[in-house]
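Next comes upload_37.pdb, with PDB, C-alpha atoms.
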MODEL        1
ATOM      1  CA  PRO A   1      86.085 106.467 133.603  1.00  0.00           C
ATOM      2  CA  GLU A   2      84.569 104.992 130.470  1.00  0.00           C
ATOM      3  CA  GLY A   3      83.800 107.899 128.123  1.00  0.00           C
ATOM      4  CA  LYS A   4      85.546 108.753 124.845  1.00  0.00           C
ATOM      5  CA  LEU A   5      86.389 112.127 123.308  1.00  0.00           C
ATOM      6  CA  PRO A   6      83.903 113.317 120.633  1.00  0.00           C
ATOM      7  CA  ILE A   7      86.547 115.707 119.264  1.00  0.00           C
ATOM      8  CA  MET A   8      90.273 115.716 118.499  1.00  0.00           C
ATOM      9  CA  LEU A   9      92.377 117.935 120.753  1.00  0.00           C
ATOM     10  CA  PRO A  10      95.185 119.406 118.607  1.00  0.00           C
ATOM     11  CA  ALA A  11      98.839 119.047 119.529  1.00  0.00           C
ATOM     12  CA  SER A  12      99.623 122.662 118.587  1.00  0.00           C
ATOM     13  CA  ALA A  13      98.174 125.801 117.037  1.00  0.00           C
ATOM     14  CA  GLN A  14      99.321 124.506 113.652  1.00  0.00           C
ATOM     15  CA  ASP A  15      97.018 121.492 113.940  1.00  0.00           C
ATOM     16  CA  VAL A  16      93.764 123.372 113.430  1.00  0.00           C
ATOM     17  CA  ILE A  17      91.919 124.771 110.414  1.00  0.00           C
ATOM     18  CA  GLU A  18      93.227 128.097 109.147  1.00  0.00           C
ATOM     19  CA  PRO A  19      90.443 130.287 107.678  1.00  0.00           C
ATOM     20  CA  ASN A  20      90.784 131.068 104.000  1.00  0.00           C
ATOM     21  CA  GLN A  21      90.203 134.805 103.737  1.00  0.00           C
ATOM     22  CA  ALA A  22      90.971 135.191 100.040  1.00  0.00           C
ATOM     23  CA  GLY A  23      88.297 137.438  98.559  1.00  0.00           C
ATOM     24  CA  ALA A  24      86.613 137.593 101.932  1.00  0.00           C
ATOM     25  CA  TRP A  25      85.335 141.157 101.737  1.00  0.00           C
ATOM     26  CA  LYS A  26      81.791 141.729 100.623  1.00  0.00           C
ATOM     27  CA  ALA A  27      80.225 145.192 100.571  1.00  0.00           C
ATOM     28  CA  ARG A  28      77.116 145.873 102.636  1.00  0.00           C
ATOM     29  CA  PRO A  29      74.654 148.819 102.677  1.00  0.00           C
ATOM     30  CA  SER A  30      76.097 151.967 104.216  1.00  0.00           C
ATOM     31  CA  SER A  31      76.363 153.223 107.768  1.00  0.00           C
ATOM     32  CA  ALA A  32      73.809 153.829 110.473  1.00  0.00           C
ATOM     33  CA  ALA A  33      70.108 154.399 110.025  1.00  0.00           C
ATOM     34  CA  SER A  34      67.481 155.718 112.433  1.00  0.00           C
ATOM     35  CA  THR A  35      63.817 154.832 112.644  1.00  0.00           C
ATOM     36  CA  HIS A  36      61.136 156.291 114.881  1.00  0.00           C
ATOM     37  CA  ASP A  37      58.309 154.216 116.310  1.00  0.00           C
ATOM     38  CA  ALA A  38      55.382 156.631 116.771  1.00  0.00           C
ATOM     39  CA  SER A  39      53.250 154.116 118.652  1.00  0.00           C
ATOM     40  CA  ASP A  40      55.350 154.126 121.794  1.00  0.00           C
ATOM     41  CA  ASP A  41      57.610 157.058 121.009  1.00  0.00           C
ATOM     42  CA  MET A  42      60.674 154.809 121.065  1.00  0.00           C
ATOM     43  CA  THR A  43      63.641 155.570 118.914  1.00  0.00           C
ATOM     44  CA  VAL A  44      65.311 152.501 117.567  1.00  0.00           C
ATOM     45  CA  ARG A  45      68.718 152.787 116.032  1.00  0.00           C
ATOM     46  CA  VAL A  46      69.706 150.070 113.585  1.00  0.00           C
ATOM     47  CA  LEU A  47      73.444 149.924 113.174  1.00  0.00           C
ATOM     48  CA  GLN A  48      74.878 148.160 110.218  1.00  0.00           C
ATOM     49  CA  ALA A  49      78.555 147.821 109.378  1.00  0.00           C
ATOM     50  CA  ASP A  50      79.848 149.228 106.105  1.00  0.00           C
ATOM     51  CA  SER A  51      81.214 145.816 105.258  1.00  0.00           C
ATOM     52  CA  ARG A  52      81.294 142.330 106.710  1.00  0.00           C
ATOM     53  CA  ARG A  53      84.134 139.847 106.497  1.00  0.00           C
ATOM     54  CA  LEU A  54      83.136 136.490 105.082  1.00  0.00           C
ATOM     55  CA  VAL A  55      85.365 133.465 105.584  1.00  0.00           C
ATOM     56  CA  ALA A  56      85.393 130.557 103.150  1.00  0.00           C
ATOM     57  CA  TYR A  57      85.972 127.132 104.714  1.00  0.00           C
ATOM     58  CA  ASP A  58      87.139 124.970 101.836  1.00  0.00           C
ATOM     59  CA  GLU A  59      88.693 122.094 103.777  1.00  0.00           C
ATOM     60  CA  GLY A  60      85.614 119.950 103.146  1.00  0.00           C
ATOM     61  CA  VAL A  61      85.459 116.901 105.409  1.00  0.00           C
ATOM     62  CA  PHE A  62      89.214 116.855 106.054  1.00  0.00           C
ATOM     63  CA  THR A  63      88.938 118.077 109.628  1.00  0.00           C
ATOM     64  CA  SER A  64      89.710 116.557 113.033  1.00  0.00           C
ATOM     65  CA  TYR A  65      90.725 112.882 112.772  1.00  0.00           C
ATOM     66  CA  ARG A  66      89.885 112.870 109.054  1.00  0.00           C
ATOM     67  CA  SER A  67      92.898 115.063 108.303  1.00  0.00           C
ATOM     68  CA  GLU A  68      96.171 113.286 107.568  1.00  0.00           C
ATOM     69  CA  VAL A  69      98.127 116.467 108.366  1.00  0.00           C
ATOM     70  CA  PHE A  70      96.914 117.485 111.813  1.00  0.00           C
ATOM     71  CA  LYS A  71      98.591 115.934 114.854  1.00  0.00           C
ATOM     72  CA  ALA A  72      96.608 115.240 118.010  1.00  0.00           C
ATOM     73  CA  ALA A  73      97.527 115.675 121.637  1.00  0.00           C
ATOM     74  CA  PHE A  74      94.496 113.491 122.365  1.00  0.00           C
ATOM     75  CA  PRO A  75      92.919 111.815 119.322  1.00  0.00           C
ATOM     76  CA  PHE A  76      89.252 111.587 118.445  1.00  0.00           C
ATOM     77  CA  GLY A  77      87.694 108.707 120.379  1.00  0.00           C
ATOM     78  CA  HIS A  78      90.411 108.623 123.045  1.00  0.00           C
ATOM     79  CA  GLY A  79      89.440 107.642 126.577  1.00  0.00           C
ATOM     80  CA  LEU A  80      90.845 106.274 129.830  1.00  0.00           C
ATOM     81  CA  SER A  81      89.863 103.308 131.964  1.00  0.00           C
ATOM     82  CA  TYR A  82      90.920 101.632 135.198  1.00  0.00           C
ATOM     83  CA  THR A  83      91.225  98.386 133.267  1.00  0.00           C
ATOM     84  CA  SER A  84      92.320  97.274 129.780  1.00  0.00           C
ATOM     85  CA  PHE A  85      90.469  95.565 126.953  1.00  0.00           C
ATOM     86  CA  ALA A  86      91.472  93.067 124.291  1.00  0.00           C
ATOM     87  CA  TYR A  87      89.706  92.772 120.948  1.00  0.00           C
ATOM     88  CA  GLN A  88      89.285  89.311 119.439  1.00  0.00           C
ATOM     89  CA  ASP A  89      87.699  87.453 116.513  1.00  0.00           C
ATOM     90  CA  PRO A  90      86.818  90.386 114.229  1.00  0.00           C
ATOM     91  CA  SER A  91      84.741  89.633 111.139  1.00  0.00           C
ATOM     92  CA  VAL A  92      82.581  91.232 108.477  1.00  0.00           C
ATOM     93  CA  ILE A  93      79.711  89.161 107.124  1.00  0.00           C
ATOM     94  CA  ALA A  94      76.646  89.660 104.964  1.00  0.00           C
ATOM     95  CA  ALA A  95      73.739  90.972 107.006  1.00  0.00           C
ATOM     96  CA  ALA A  96      71.466  88.028 106.189  1.00  0.00           C
ATOM     97  CA  ARG A  97      73.977  85.640 107.775  1.00  0.00           C
ATOM     98  CA  ALA A  98      74.528  87.763 110.886  1.00  0.00           C
ATOM     99  CA  ALA A  99      71.038  87.058 112.231  1.00  0.00           C
ATOM    100  CA  ASP A 100      71.881  83.335 112.401  1.00  0.00           C
ATOM    101  CA  ARG A 101      74.712  83.779 114.903  1.00  0.00           C
ATOM    102  CA  GLY A 102      72.524  83.327 117.978  1.00  0.00           C
ATOM    103  CA  SER A 103      71.741  85.304 121.123  1.00  0.00           C
ATOM    104  CA  ASP A 104      75.379  85.881 122.140  1.00  0.00           C
ATOM    105  CA  VAL A 105      75.506  89.025 120.000  1.00  0.00           C
ATOM    106  CA  GLY A 106      75.336  92.353 121.826  1.00  0.00           C
ATOM    107  CA  LEU A 107      74.238  95.532 120.079  1.00  0.00           C
ATOM    108  CA  GLY A 108      76.527  98.441 119.294  1.00  0.00           C
ATOM    109  CA  ALA A 109      75.194 101.997 119.229  1.00  0.00           C
ATOM    110  CA  ALA A 110      74.978 101.780 115.442  1.00  0.00           C
ATOM    111  CA  ALA A 111      72.613  98.816 115.615  1.00  0.00           C
ATOM    112  CA  ASP A 112      68.893  99.195 115.090  1.00  0.00           C
ATOM    113  CA  SER A 113      67.108  95.988 116.049  1.00  0.00           C
ATOM    114  CA  GLY A 114      68.767  92.597 116.081  1.00  0.00           C
ATOM    115  CA  CYS A 115      72.299  91.984 114.927  1.00  0.00           C
ATOM    116  CA  GLU A 116      71.325  92.497 111.319  1.00  0.00           C
ATOM    117  CA  GLY A 117      69.900  95.970 111.858  1.00  0.00           C
ATOM    118  CA  LYS A 118      67.383  97.710 109.657  1.00  0.00           C
ATOM    119  CA  ASP A 119      68.355  97.840 105.980  1.00  0.00           C
ATOM    120  CA  ALA A 120      71.852  96.530 106.749  1.00  0.00           C
ATOM    121  CA  LEU A 121      74.079  95.445 103.900  1.00  0.00           C
ATOM    122  CA  ALA A 122      76.948  94.088 106.003  1.00  0.00           C
ATOM    123  CA  VAL A 123      77.735  93.597 109.678  1.00  0.00           C
ATOM    124  CA  ALA A 124      81.061  93.915 111.491  1.00  0.00           C
ATOM    125  CA  ARG A 125      81.520  91.875 114.651  1.00  0.00           C
ATOM    126  CA  VAL A 126      84.181  91.893 117.347  1.00  0.00           C
ATOM    127  CA  THR A 127      84.592  90.269 120.761  1.00  0.00           C
ATOM    128  CA  VAL A 128      85.690  92.573 123.591  1.00  0.00           C
ATOM    129  CA  VAL A 129      87.437  91.005 126.595  1.00  0.00           C
ATOM    130  CA  ASN A 130      88.227  92.700 129.890  1.00  0.00           C
ATOM    131  CA  ALA A 131      91.931  91.860 130.118  1.00  0.00           C
ATOM    132  CA  GLY A 132      92.620  93.930 133.229  1.00  0.00           C
ATOM    133  CA  ARG A 133      92.066  93.601 136.960  1.00  0.00           C
ATOM    134  CA  TRP A 134      89.054  95.870 137.428  1.00  0.00           C
ATOM    135  CA  PRO A 135      85.491  95.959 136.078  1.00  0.00           C
ATOM    136  CA  GLY A 136      84.882  98.387 133.246  1.00  0.00           C
ATOM    137  CA  ARG A 137      83.062  99.282 130.046  1.00  0.00           C
ATOM    138  CA  GLU A 138      84.614  99.802 126.636  1.00  0.00           C
ATOM    139  CA  VAL A 139      83.445 101.926 123.693  1.00  0.00           C
ATOM    140  CA  VAL A 140      84.417 100.266 120.412  1.00  0.00           C
ATOM    141  CA  GLN A 141      84.624 102.401 117.269  1.00  0.00           C
ATOM    142  CA  VAL A 142      84.330 101.321 113.645  1.00  0.00           C
ATOM    143  CA  TYR A 143      85.755 103.421 110.803  1.00  0.00           C
ATOM    144  CA  ALA A 144      85.267 102.904 107.068  1.00  0.00           C
ATOM    145  CA  GLU A 145      87.880 103.471 104.375  1.00  0.00           C
ATOM    146  CA  PHE A 146      87.139 103.629 100.650  1.00  0.00           C
ATOM    147  CA  PRO A 147      90.397 102.934  98.743  1.00  0.00           C
ATOM    148  CA  ALA A 148      88.899 103.600  95.292  1.00  0.00           C
ATOM    149  CA  ASP A 149      87.865 107.167  96.114  1.00  0.00           C
ATOM    150  CA  PRO A 150      90.866 109.550  96.353  1.00  0.00           C
ATOM    151  CA  ASN A 151      88.631 112.391  97.516  1.00  0.00           C
ATOM    152  CA  SER A 152      87.526 110.638 100.708  1.00  0.00           C
ATOM    153  CA  PRO A 153      89.330 110.750 104.063  1.00  0.00           C
ATOM    154  CA  ARG A 154      91.113 107.558 105.019  1.00  0.00           C
ATOM    155  CA  LEU A 155      88.969 107.175 108.149  1.00  0.00           C
ATOM    156  CA  GLN A 156      85.271 107.922 108.490  1.00  0.00           C
ATOM    157  CA  LEU A 157      83.408 106.960 111.643  1.00  0.00           C
ATOM    158  CA  ARG A 158      80.586 104.580 110.769  1.00  0.00           C
ATOM    159  CA  GLY A 159      79.595 103.152 114.136  1.00  0.00           C
ATOM    160  CA  PHE A 160      80.370 102.844 117.827  1.00  0.00           C
ATOM    161  CA  GLY A 161      79.130 100.625 120.603  1.00  0.00           C
ATOM    162  CA  LYS A 162      79.502 100.355 124.364  1.00  0.00           C
ATOM    163  CA  THR A 163      79.787  97.087 126.227  1.00  0.00           C
ATOM    164  CA  ALA A 164      78.012  96.238 129.423  1.00  0.00           C
ATOM    165  CA  LEU A 165      80.019  96.356 132.654  1.00  0.00           C
ATOM    166  CA  LEU A 166      82.580  93.587 132.174  1.00  0.00           C
ATOM    167  CA  ARG A 167      84.347  91.963 135.076  1.00  0.00           C
ATOM    168  CA  PRO A 168      87.941  90.765 134.616  1.00  0.00           C
ATOM    169  CA  GLY A 169      87.924  87.908 132.121  1.00  0.00           C
ATOM    170  CA  ASP A 170      84.366  88.585 130.913  1.00  0.00           C
ATOM    171  CA  SER A 171      83.663  89.215 127.236  1.00  0.00           C
ATOM    172  CA  GLU A 172      80.925  90.563 125.002  1.00  0.00           C
ATOM    173  CA  VAL A 173      80.310  90.466 121.261  1.00  0.00           C
ATOM    174  CA  LEU A 174      79.382  93.762 119.607  1.00  0.00           C
ATOM    175  CA  CYS A 175      78.013  94.020 116.094  1.00  0.00           C
ATOM    176  CA  PHE A 176      77.829  97.039 113.810  1.00  0.00           C
ATOM    177  CA  PRO A 177      75.372  96.928 110.878  1.00  0.00           C
ATOM    178  CA  PHE A 178      76.284  99.019 107.825  1.00  0.00           C
ATOM    179  CA  SER A 179      73.580 100.479 105.616  1.00  0.00           C
ATOM    180  CA  ARG A 180      73.995 101.226 101.925  1.00  0.00           C
ATOM    181  CA  ARG A 181      74.810 104.841 102.750  1.00  0.00           C
ATOM    182  CA  ASP A 182      77.423 103.802 105.332  1.00  0.00           C
ATOM    183  CA  LEU A 183      79.307 102.056 102.518  1.00  0.00           C
ATOM    184  CA  SER A 184      78.783 104.788  99.920  1.00  0.00           C
ATOM    185  CA  VAL A 185      80.486 108.006  98.851  1.00  0.00           C
ATOM    186  CA  TYR A 186      78.563 111.099  97.810  1.00  0.00           C
ATOM    187  CA  GLN A 187      79.102 112.111  94.195  1.00  0.00           C
ATOM    188  CA  PRO A 188      78.337 115.830  93.702  1.00  0.00           C
ATOM    189  CA  GLY A 189      76.820 117.202  90.545  1.00  0.00           C
ATOM    190  CA  ALA A 190      73.494 118.157  89.043  1.00  0.00           C
ATOM    191  CA  TRP A 191      72.137 114.701  89.941  1.00  0.00           C
ATOM    192  CA  GLY A 192      74.109 114.176  93.149  1.00  0.00           C
ATOM    193  CA  MET A 193      73.918 110.623  94.420  1.00  0.00           C
ATOM    194  CA  TRP A 194      75.485 108.202  96.870  1.00  0.00           C
ATOM    195  CA  LYS A 195      77.648 105.663  95.060  1.00  0.00           C
ATOM    196  CA  LEU A 196      78.137 102.289  96.714  1.00  0.00           C
ATOM    197  CA  GLN A 197      81.828 101.369  96.841  1.00  0.00           C
ATOM    198  CA  ASP A 198      83.103  98.080  95.428  1.00  0.00           C
ATOM    199  CA  VAL A 199      85.876  97.644  98.006  1.00  0.00           C
ATOM    200  CA  VAL A 200      85.613  98.728 101.639  1.00  0.00           C
ATOM    201  CA  ARG A 201      88.095  98.518 104.497  1.00  0.00           C
ATOM    202  CA  VAL A 202      86.698  98.505 108.009  1.00  0.00           C
ATOM    203  CA  HIS A 203      88.939  99.552 110.900  1.00  0.00           C
ATOM    204  CA  ILE A 204      87.965  98.477 114.415  1.00  0.00           C
ATOM    205  CA  GLY A 205      89.592 100.132 117.401  1.00  0.00           C
ATOM    206  CA  ALA A 206      89.509 101.967 120.701  1.00  0.00           C
ATOM    207  CA  SER A 207      90.085 105.388 119.095  1.00  0.00           C
ATOM    208  CA  SER A 208      90.919 106.913 115.728  1.00  0.00           C
ATOM    209  CA  ALA A 209      94.606 106.446 116.608  1.00  0.00           C
ATOM    210  CA  ASP A 210      94.288 103.035 118.274  1.00  0.00           C
ATOM    211  CA  LEU A 211      93.016 100.736 115.523  1.00  0.00           C
ATOM    212  CA  ARG A 212      93.222  97.062 116.454  1.00  0.00           C
ATOM    213  CA  TYR A 213      91.995  95.349 113.270  1.00  0.00           C
ATOM    214  CA  THR A 214      91.484  96.124 109.591  1.00  0.00           C
ATOM    215  CA  LEU A 215      89.100  94.014 107.515  1.00  0.00           C
ATOM    216  CA  SER A 216      88.509  94.264 103.767  1.00  0.00           C
ATOM    217  CA  PHE A 217      85.482  93.117 101.814  1.00  0.00           C
ATOM    218  CA  LYS A 218      83.993  93.523  98.349  1.00  0.00           C
ATOM    219  CA  ILE A 219      80.474  94.465  97.358  1.00  0.00           C
ATOM    220  CA  LYS A 220      78.895  93.286  94.122  1.00  0.00           C
ATOM    221  CA  GLU A 221      75.745  95.005  92.932  1.00  0.00           C
ATOM    222  CA  ALA A 222      73.858  95.207  89.693  1.00  0.00           C
ATOM    223  CA  SER A 223      73.446  98.819  88.662  1.00  0.00           C
ATOM    224  CA  GLY A 224      76.696 100.642  89.480  1.00  0.00           C
ATOM    225  CA  SER A 225      75.233 103.576  91.425  1.00  0.00           C
ATOM    226  CA  LEU A 226      72.595 102.677  93.995  1.00  0.00           C
ATOM    227  CA  ARG A 227      69.621 104.833  94.814  1.00  0.00           C
ATOM    228  CA  ASP A 228      66.761 104.056  97.187  1.00  0.00           C
ATOM    229  CA  GLY A 229      65.014 100.854  96.200  1.00  0.00           C
ATOM    230  CA  ASP A 230      67.976  99.057  94.629  1.00  0.00           C
ATOM    231  CA  LYS A 231      68.207  95.557  96.081  1.00  0.00           C
ATOM    232  CA  ASP A 232      70.723  93.403  94.193  1.00  0.00           C
ATOM    233  CA  ARG A 233      73.698  93.567  96.509  1.00  0.00           C
ATOM    234  CA  HIS A 234      76.053  90.902  97.858  1.00  0.00           C
ATOM    235  CA  VAL A 235      78.950  91.106 100.280  1.00  0.00           C
ATOM    236  CA  HIS A 236      82.100  89.029  99.936  1.00  0.00           C
ATOM    237  CA  SER A 237      84.613  89.091 102.802  1.00  0.00           C
ATOM    238  CA  GLU A 238      88.301  88.728 102.121  1.00  0.00           C
TER     239      GLU A 238
ENDMDL
END
Could you express the structure from this file as structure tokens?
Amino acid sequence: PEGKLPIMLPASAQDVIEPNQAGAWKARPSSAASTHDASDDMTVRVLQADSRRLVAYDEGVFTSYRSEVFKAAFPFGHGLSYTSFAYQDPSVIAAARAADRGSDVGLGAAADSGCEGKDALAVARVTVVNAGRWPGREVVQVYAEFPADPNSPRLQLRGFGKTALLRPGDSEVLCFPFSRRDLSVYQPGAWGMWKLQDVVRVHIGASSADLRYTLSFKIKEASGSLRDGDKDRHVHSE
């Protein structure tokens, strides 16, 4: 086995979203109506309920692994393997420097072309080692955290990558390019925009509950809020 769960399986019935039915009733046009189709002499009855219950889902993005309340029987990203994997040498670097690291860099699923990726602002790298006794593949996941934004979940999936088949003792380097949007938070309003965050934490792990490393870095840019076309950005790892 080498797959990972794309959902969180809840530990109990209390660990799922409860619909908010406050003010959920909305009147609809009344009862049944009949129409007659003269062309083929068919009678079509159109039934319409007197009212329809509407449910408001106001939990926003705080669902699944993004909720700090729900407990998981099996967390988002969880998976089994016949072997085990160690993560080593994590780093986050500016995208322009990532392309100079040589041909030893493998591509994660978030990558576009080359380690730098298209329109990447920063790149996370990690070495995956098969530390077990059997060949296997690992799926590495990268989550972003934005400490300055209290309205964002602590973890937000920003990339994932699968290694090649690794024999015991073999290793592979995966890289995960982050675009401007990957490192931004949406600001609602009349002129809604994506605001690039000054400080970002990147969590690298085997699942949303099995995080092996946390890296922090700062972003300096000229204009405050970035829209398409803004270029003056620099990444500083801590």
Run the PyMOL selection byres ((chain A and resi 203) around 6) mentally over the shown coordinates, then write out the matched residues as a list in words, using the chain letters and numbers from the document.
Val142, Tyr143, Val202, Ile204, Tyr213 and Thr214 of chain A
List the residues selected by the PyMOL selection byres ((chain A and resi 137) around 6) in the file shown, writing them as a count of residues only.
6
List the residues selected by the PyMOL selection byres ((chain A and resi 216) around 8) in the file shown, writing them as a PyMOL selection string.
chain A and resi 199-202+214-215+217-218+237-238
Show me, as a PDB file with C-alpha atoms, in the frame of the given file, the residues that have an atom within 6 Å of stretch 90-94 of chain A when counting all atoms listed in the file, minus same-chain residues fewer than 6 positions from it.
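Once written, selection33.pdb looks like this:
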ATOM      1  CA  ALA A 122      76.948  94.088 106.003  1.00  0.00           C
ATOM      2  CA  VAL A 123      77.735  93.597 109.678  1.00  0.00           C
ATOM      3  CA  ALA A 124      81.061  93.915 111.491  1.00  0.00           C
ATOM      4  CA  ARG A 125      81.520  91.875 114.651  1.00  0.00           C
ATOM      5  CA  VAL A 126      84.181  91.893 117.347  1.00  0.00           C
ATOM      6  CA  VAL A 235      78.950  91.106 100.280  1.00  0.00           C
TER       7      VAL A 235
END
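Take the candidates A:Leu174, A:Leu155, A:Leu211, A:Leu5 and check each one against A:Leu80 using only C-alpha atoms; the shortest distance goes to A:Leu5.
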What gap, in Å, lies between atom CA of A:Asp149 and atom CA of A:Ile17?
23.0 Å
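The closest residue to A:Pro150, picked from A:Phe70, A:Trp194, A:Val185, A:Glu172 and counting all atoms listed in the file, is A:Val185.
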Quick one: pull the distance between atom CA of A:Asp170 and atom CA of A:Pro135, Å, one decimal.
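Pair atom CA of A:Asp170 / atom CA of A:Pro135 returns 9.1 Å.
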So how far away is atom CA of A:Ser152 from atom CA of A:Ala13, in Å?
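Atom CA of A:Ser152 lies at a distance of 24.7 Å from atom CA of A:Ala13.
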Give the padded box for stretch 63-81 of chain A as AutoDock Vina command-line options: axis-aligned, covering all atoms listed in the file, 3 Å on each side, centre and edge lengths in Å to one decimal.
--center_x 93.1 --center_y 110.7 --center_z 119.8 --size_x 16.9 --size_y 20.8 --size_z 30.4
Please list as a ChimeraX atom specification every residue within 8 Å of A:Val139, counting all atoms listed in the file and excluding residues in the same chain fewer than 6 positions away.
/A:2-4,160-163,206
Taking only C-alpha atoms into account, name the residue in A:Asn151, A:Leu166, A:Cys175, A:Gly189 that is nearest to A:Val61.
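That would be A:Asn151, the residue with the smallest distance to A:Val61.
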Write out as a ChimeraX atom specification each polymer residue whose atoms come within 9 Å of A:Arg158, counting all atoms listed in the file; drop sequence neighbours fewer than 2 positions from it.
/A:110,141-144,156,160,176,178,182-183
